[in-house]
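Reading through the structure tokens given below for one structure.
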Amino acid sequence: MAMYRDTLSQILKPEGLYLTDGGIETVLIYEKNLDLPEFAAFTLLKSKTGRKVLNEYMIPYLKLAREFKCDGFILGTPTWRASPDWANALGIEDEELAELNRLAVADLVKMRHSYDRKGFPIIIAGMIGPRGDGYLVDHKMTTHEAREYHHVQIETLAQAGVDCVIGVTINYVEEAIGVVKACQNNNVPCIISFTVETNGKLPSGQTLKEAIIHTDMKSKNGVLFYQINCAHPSHFRHLFEAPRESWMQRVRGLRCNPSPKSHEELNCSTHLESGDPVEFGRLHGQMKKLMPQLCFFGGCCGTNEEHLRQICITLNALKD
């Protein structure tokens with residue numbers, strides 16, 4: 001049973017500070033020395049040992065949020081790759097895939113019991129990723145095709161009890177709209193996180209402004225709010241230095257990379273691009289000044305709890 005699904009819009013307030021985790025796949029690969037075929041963290045759910053690793057990964061972030069007196073925490077399932085095409089590439093049948101999605105939620109529900117407190121809600125988010133490559137528009141679908149494809153995973157996550165669904169590293173608008181419509185069909189709130197290139201545009205070439213306005217229009221404002229992920233703040237900062245427009249207010253979350261390298265450069269990198277955590281925190285302070293409505297912070301590729309600590313330090317200093 002979802003705990004906060006019906007009250008999510010009241011809980012996630014623009015003036016609050018809500019934390020989530022960092023770059024789960026890069027932490028598991030580079031810091032924990034684990035093999036994640038197809039960058040698929042959900043494969044660890046197949047064993048008790050793997051599930052233990054996933055639970056232990058999340059705990060430092062929860063403790064960090066409590067330490068800095070954040071207003072809540074978003075526990076995201078490790079299911080970014082747990083959709084039919086990726087599962088098929090990994091030799092995982094439909095029935096097993098559904099069970100792994102359910103297990104991901106069940107483990108986080110147990111974790112929530114240990115950390116959820118009055119004034120510190122733990123929101124469970126079902127994380128879904130693009131059907132194709134997160135950096136390339138290599139399998140472009142119509143809105144209808146996207147809705148049908150993502151419905152399978154979203155229905156499973158919704159029935160398992162997530163409070164919301166977050167579509168992460170979405171790189172073209174038709175897939176975003178399809179995700180939102182699949183969420184609407186399953187009566188679960190939806191957050192969309194677009195990724196952008198170094199010029200601030202989606203990999204499809206569409207501007208962030210166009211993508212948000214179009215998604216809102218076609219989904220009848222079906223998105224709770226938007227995020228930007230898997231991009232460095234320098235890639236999109238200029239968009240929010242322009243005169244204020246209404247679409248900008250719809251962006252309330254950041255899950256950035258600490259490296260300013262392009263997606264292509266990151267793909268070719270032979271080592272972890274973790275950047276400077278202190279500088280990373282400072283950049284988030286600058287973005288918060290430009291975008292006061294930002295309230296949801298996490299990390300993406302190359303980030304760990306130290307990057308999130310520096311974000312918390314910087315944002316807390318802005319309050320003083």
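Naming works like this for the structure tokens: A, B, ... for the chains as they're shown, residue 1 at the start of each chain, ligands 1 onward in shown order.
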
**Q.** Shell of 9 Å around A:Ile311, only C-alpha atoms, local chain residues under 4 positions omitted, as a PyMOL selection string
**A.** chain A and resi 277-278+280-285+297-298+306-307+315-316

Please provide the set of residues having any atom within 7 Å of A:Cys301, restricted to only C-alpha atoms, with same-chain residues fewer than 3 positions apart removed, written as a compact mmCIF listing (two decimals) with C-alpha atoms, in the first residue's frame.
```txt
# COMPACT_ATOMS: atom_id res chain seq x y z
CA GLY A 23 24.83 7.79 -9.01
CA THR A 26 28.70 4.26 -10.98
CA CYS A 230 22.85 13.35 -16.06
CA ASN A 257 26.93 14.91 -13.05
```

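Here the residues within stretch 68-214 of chain A that DSSP labels strand (DSSP E or B) on the basis of the backbone are Gly72, Phe73, Ile74, Leu75, Gly76, Arg117, Phe120, Ile122, Ile123, Ile124, Ala125, Gly126, Met127, Ile128, Cys164, Val165, Ile166, Gly167, Val168, Thr169, Ile170, Cys190, Ile191, Ile192, Ser193, Phe194, Lys201 and Thr207 of chain A.
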
Q: Would you please extract all helix (DSSP H, G or I) residues from stretch 6-172 of chain A, as assigned by DSSP on the backbone, and give them as a PyMOL selection string?
A: chain A and resi 6-11+24-31+37-39+41-46+48-67+84-89+94-115+143-160

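Residue neighbourhood of A:Trp247, excluding near-sequence residues (fewer than 5 positions): Lys209, Ile212 and Ile213 of chain A, at 7 Å, using only C-alpha atoms.
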
Q | Residue nearest A:Ala41 among A:Ala2, A:Val137, A:Leu8, A:Ala104 (counting only C-alpha atoms) | A |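 Selected residue with least distance to A:Ala41: A:Ala104.
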
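Using only C-alpha atoms, the contacts of A:Lys319 at a cut-off of 12 Å, with sequence neighbours closer than 3 positions omitted, comprise Glu15, Gly16, Leu17, Gly285, Lys288, Lys289, Pro292, Cys312, Ile313, Thr314, Leu315 and Asn316 of chain A.
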
(Q) I'd like the neighbourhood of A:Phe296 as a VMD selection string, where a residue qualifies if any of its atoms comes within 8 Å (using only C-alpha atoms), though same-chain residues fewer than 4 positions away should be ignored. (A) chain A and resid 17 to 20 252 to 254

Selection file, N, CA and C atoms, as a PDB file, in the first residue's frame:
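Once everything was written out, this is selection21.pdb:
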```pdb
ATOM      1  N   LEU A  17      13.500  21.037   1.397  1.00  0.00           N
ATOM      2  CA  LEU A  17      14.726  20.415   0.906  1.00  0.00           C
ATOM      3  C   LEU A  17      14.571  18.909   1.035  1.00  0.00           C
ATOM      4  N   TYR A  18      14.521  18.241  -0.108  1.00  0.00           N
ATOM      5  CA  TYR A  18      14.314  16.806  -0.154  1.00  0.00           C
ATOM      6  C   TYR A  18      15.508  16.170  -0.863  1.00  0.00           C
ATOM      7  N   LEU A  19      16.041  15.161  -0.250  1.00  0.00           N
ATOM      8  CA  LEU A  19      17.255  14.527  -0.754  1.00  0.00           C
ATOM      9  C   LEU A  19      16.931  13.154  -1.336  1.00  0.00           C
ATOM     10  N   THR A  20      17.758  12.729  -2.276  1.00  0.00           N
ATOM     11  CA  THR A  20      17.736  11.354  -2.751  1.00  0.00           C
ATOM     12  C   THR A  20      19.187  10.899  -2.855  1.00  0.00           C
ATOM     13  N   ARG A 252      11.966  21.563 -10.610  1.00  0.00           N
ATOM     14  CA  ARG A 252      12.140  21.645  -9.166  1.00  0.00           C
ATOM     15  C   ARG A 252      13.174  20.649  -8.636  1.00  0.00           C
ATOM     16  N   GLY A 253      13.826  19.926  -9.526  1.00  0.00           N
ATOM     17  CA  GLY A 253      14.796  18.949  -9.061  1.00  0.00           C
ATOM     18  C   GLY A 253      16.028  18.873  -9.941  1.00  0.00           C
ATOM     19  N   LEU A 254      17.182  18.558  -9.317  1.00  0.00           N
ATOM     20  CA  LEU A 254      18.437  18.377 -10.044  1.00  0.00           C
ATOM     21  C   LEU A 254      19.115  17.092  -9.578  1.00  0.00           C
TER      22      LEU A 254
END
```

(Q) Quick one: residues within 8 Å of A:Pro258, only C-alpha atoms, excluding same-chain residues fewer than 6 positions away - as a PyMOL selection string? (A) chain A and resi 232+273-277+280+301-303

**Q.** Residue nearest A:Glu305 among A:Glu145, A:Asp21, A:Asp35, A:Glu174 (counting only C-alpha atoms)
**A.**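 Nearest candidate to A:Glu305 out of A:Glu145, A:Asp21, A:Asp35, A:Glu174: A:Asp21.
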
Q. From the set A:Val180, A:Lys69, A:Asn304, A:Asn55, which residue has the shortest atom-to-atom contact distance to A:Tyr30, counting only C-alpha atoms?
A. A:Asn304
